[in-house]
Amino acid sequence: MPILNHSDLKKVEEYQNFVRTSPYANATQDLAWEKVKEGWTGEQVYLEENGKIVAAMSLIIRRVLGNFSLMYAPRAPICDFHDKEMVKRLLEEAKPLAKKYHAFLLRFDPELPRLPELEEEYRQMGLRVRNDGCDKFDLIQPRYNMILKLDEPTFEELMPHFSEKTRYNIRLSARKGVTVHWSRSEEDLKKFFELYEITAVRDHIGHRPYEYFKRMLHAYENSDLLRIYIAEHEGEALSGAICIHYGNKTWYIYGASSNNKRNLMPNYAMQAEMIKWGIENGSEIYDFGGVFILDKTNGLYKFKEGFCRREGATEFIGEFDQVYNPFLYTGFAKILPQIQRLRAKKNHHEDRKVQQPKQQEPKKENQA
């Protein structure tokens, strides 16, 4: 039964090598990712032909309804998703794990542009497909990502594909003396996290604890797969990001910025350096991550669209659900989005309270 035995170090090495070198590689399918997701259990299934691994799927598993579990395979499977028979075999290999963990659902979301005909073929296989009619609270991952093709040999030759304003802001940040460096040090991780907390309050979004990012840093500490980027001006950290190179992609996974000196455009300087890394490491694409609103009145979309003017937004195929317990699945599908909406509303309310200006004390004589 091809469920990865973590005690078999030779097979673990073979599995990890397959996942990292596959043309369908994704960082969230790496064995290191389960070290990041505290509170989740990691399991892997795979298929072999002629003694070699040809397909794989890494799952993270968590109890969510009493003794029942959700199994989630982020950006899986690691194989050609058009090969429905191979995907079907992988799902069969996952059934013993569903039984072991009392799973009511296995969810996976391939990083694949939307193909309605392929969706329908999977529906015919008995899977539930989730995309239309789902908002950001219904889905685990955003439906739309901004993806830049790295199809020019240098950054300078890639720049003409950006919007005129984006090119101007990149040059402006350089003229104003914004500098960018990268490391894998905990010192820079702390700088990033300080900026990340500022961003969460400013943009009214929930945020992860520091330990989450520390686990991420340690999970990839023995490789050049993860970098922390910091943009500074005169020694002051203005922007920070965590960027991952994996397979054929360089991925801007988390970003943050200060409320100070925003006119110096530090985010543009930082993105330029991360895109240059993508070109240097041979990536085919640079992934700016998800967007929820495809409208230039939305700041996040406007910023990313300036780099991806040529490509536009990429709509992914959506989430696929293998349902083991229809009753629990129906309840979960209704309850979780409501919890997410209430949590977002609470975070917004709490952040508004934090941002209320405090009454200042009278200034004392000779106060510095």
# chains A, B, ... in the order shown; residues from 1 in each chain; ligands from 1
>>> residues_around(residues="segment 230-242 of chain A", least_positions_apart="6", cutoff="9 Å", atoms="only C-alpha atoms", output="MDAnalysis selection string")
chainID A and resid 176:183 188:189 191:193 195:196 213 251:262 264 266:267 269:271
>>> write_last_selection(atoms="C-alpha atoms", output="tab-separated table (two decimals), in the first residue's frame")
chain	number	residue	atom	x	y	z
A	176	LYS	CA	15.39	57.90	-3.32
A	177	GLY	CA	17.94	55.51	-1.82
A	178	VAL	CA	15.75	52.53	-0.91
A	179	THR	CA	17.93	49.43	-0.54
A	180	VAL	CA	16.90	45.79	-0.40
A	181	HIS	CA	18.66	42.83	1.18
A	182	TRP	CA	17.72	39.22	1.85
A	183	SER	CA	18.66	36.64	4.45
A	188	ASP	CA	15.24	39.75	9.68
A	189	LEU	CA	12.27	37.51	10.43
A	191	LYS	CA	11.78	42.82	11.31
A	192	PHE	CA	9.35	41.26	8.86
A	193	PHE	CA	6.92	40.30	11.61
A	195	LEU	CA	5.88	45.13	9.64
A	196	TYR	CA	3.40	42.27	9.22
A	213	PHE	CA	6.83	32.11	10.39
A	251	TRP	CA	6.42	32.61	-4.95
A	252	TYR	CA	5.79	35.84	-3.04
A	253	ILE	CA	3.94	34.18	-0.18
A	254	TYR	CA	3.77	36.90	2.51
A	255	GLY	CA	4.32	40.64	2.38
A	256	ALA	CA	4.22	43.52	4.85
A	257	SER	CA	4.95	47.23	4.97
A	258	SER	CA	5.33	50.16	7.33
A	259	ASN	CA	3.08	53.19	7.52
A	260	ASN	CA	6.19	55.40	7.18
A	261	LYS	CA	7.79	56.76	4.00
A	262	ARG	CA	5.30	55.07	1.72
A	264	LEU	CA	9.46	56.12	-1.38
A	266	PRO	CA	9.72	50.43	-1.02
A	267	ASN	CA	7.32	47.66	-2.06
A	269	ALA	CA	11.99	48.01	-4.92
A	270	MET	CA	11.46	44.80	-2.95
A	271	GLN	CA	9.38	43.15	-5.68
>>> select_by_dssp(residues="segment 27-172 of chain A", states="strand (DSSP E or B)", output="NGL selection string")
:A and (41-49 or 52-65 or 68-73 or 78 or 103-108 or 113 or 128-131 or 133 or 144-149)
>>> closest_atom_pairs(of="segment 37-133 of chain A", to="segment 146-158 of chain A", cutoff="12 Å", atoms="only C-alpha atoms", output="Markdown table")
| residue | atom | partner | partner_atom | distance |
| --- | --- | --- | --- | --- |
| A:Glu111 | CA | A:Ile147 | CA | 11.5 |
| A:Leu112 | CA | A:Ile147 | CA | 11.9 |
| A:Pro113 | CA | A:Ile147 | CA | 11.1 |
>>> closest_residue(among="A:Ser7, A:Asn281, A:Asn263, A:Thr314", to="Leu294 of chain A", atoms="only C-alpha atoms")
A:Thr314
>>> closest_residue(among="A:Met265, A:Gly312, A:Met274, A:Arg208", to="Arg227 of chain A", atoms="only C-alpha atoms")
A:Met274
>>> residues_around(residues="segment 34-39 of chain A", least_positions_apart="4", cutoff="12 Å", atoms="only C-alpha atoms", output="ChimeraX atom specification")
/A:27-30,43-44,58-64,72-74,208-220
>>> closest_atom_pairs(of="segment 12-125 of chain A", to="segment 319-322 of chain A", cutoff="7 Å", atoms="only C-alpha atoms", output="tab-separated table")
residue	atom	partner	partner_atom	distance
A:Leu105	CA	A:Gln322	CA	5.8
A:Leu106	CA	A:Gln322	CA	5.0
A:Arg107	CA	A:Asp321	CA	4.6
A:Phe108	CA	A:Phe320	CA	5.4
A:Asp109	CA	A:Glu319	CA	4.4
>>> select_by_dssp(residues="segment 207-271 of chain A", states="alpha helix (DSSP H)", output="compact mmCIF listing (two decimals) with N, CA, C and O atoms, in the first residue's frame")
# COMPACT_ATOMS: atom_id res chain seq x y z
N TYR A 210 3.85 34.81 15.27
CA TYR A 210 5.28 34.80 14.93
C TYR A 210 5.81 33.37 14.79
O TYR A 210 6.61 33.08 13.91
N GLU A 211 5.34 32.47 15.67
CA GLU A 211 5.84 31.10 15.64
C GLU A 211 5.57 30.41 14.31
O GLU A 211 6.32 29.52 13.91
N TYR A 212 4.50 30.79 13.63
CA TYR A 212 4.19 30.20 12.32
C TYR A 212 5.33 30.48 11.35
O TYR A 212 5.80 29.59 10.62
N PHE A 213 5.77 31.73 11.31
CA PHE A 213 6.83 32.11 10.39
C PHE A 213 8.18 31.53 10.82
O PHE A 213 9.01 31.19 9.98
N LYS A 214 8.36 31.39 12.12
CA LYS A 214 9.60 30.77 12.61
C LYS A 214 9.67 29.31 12.17
O LYS A 214 10.73 28.83 11.77
N ARG A 215 8.54 28.61 12.25
CA ARG A 215 8.51 27.22 11.78
C ARG A 215 8.79 27.15 10.27
O ARG A 215 9.48 26.25 9.80
N MET A 216 8.25 28.11 9.53
CA MET A 216 8.48 28.14 8.09
C MET A 216 9.96 28.34 7.79
O MET A 216 10.55 27.66 6.92
N LEU A 217 10.58 29.25 8.51
CA LEU A 217 12.01 29.51 8.33
C LEU A 217 12.84 28.27 8.63
O LEU A 217 13.73 27.90 7.86
N HIS A 218 12.54 27.60 9.71
CA HIS A 218 13.30 26.42 10.12
C HIS A 218 13.04 25.23 9.19
O HIS A 218 13.91 24.39 8.99
N ALA A 219 11.83 25.15 8.63
CA ALA A 219 11.51 24.04 7.74
C ALA A 219 12.39 24.03 6.49
O ALA A 219 12.70 22.97 5.95
N PRO A 266 8.83 51.56 -1.34
CA PRO A 266 9.72 50.43 -1.02
C PRO A 266 9.20 49.08 -1.50
O PRO A 266 9.99 48.18 -1.81
N ASN A 267 7.87 48.93 -1.59
CA ASN A 267 7.32 47.66 -2.06
C ASN A 267 7.75 47.36 -3.49
O ASN A 267 7.95 46.19 -3.86
N TYR A 268 7.87 48.39 -4.29
CA TYR A 268 8.28 48.19 -5.69
C TYR A 268 9.74 47.77 -5.77
O TYR A 268 10.11 46.90 -6.57
N ALA A 269 10.58 48.38 -4.94
CA ALA A 269 11.99 48.01 -4.92
C ALA A 269 12.15 46.56 -4.48
O ALA A 269 12.96 45.81 -5.05
N MET A 270 11.37 46.16 -3.47
CA MET A 270 11.46 44.80 -2.95
C MET A 270 10.99 43.78 -3.99
O MET A 270 11.63 42.74 -4.21
N GLN A 271 9.88 44.07 -4.66
CA GLN A 271 9.38 43.15 -5.68
C GLN A 271 10.39 43.01 -6.82
O GLN A 271 10.59 41.90 -7.35
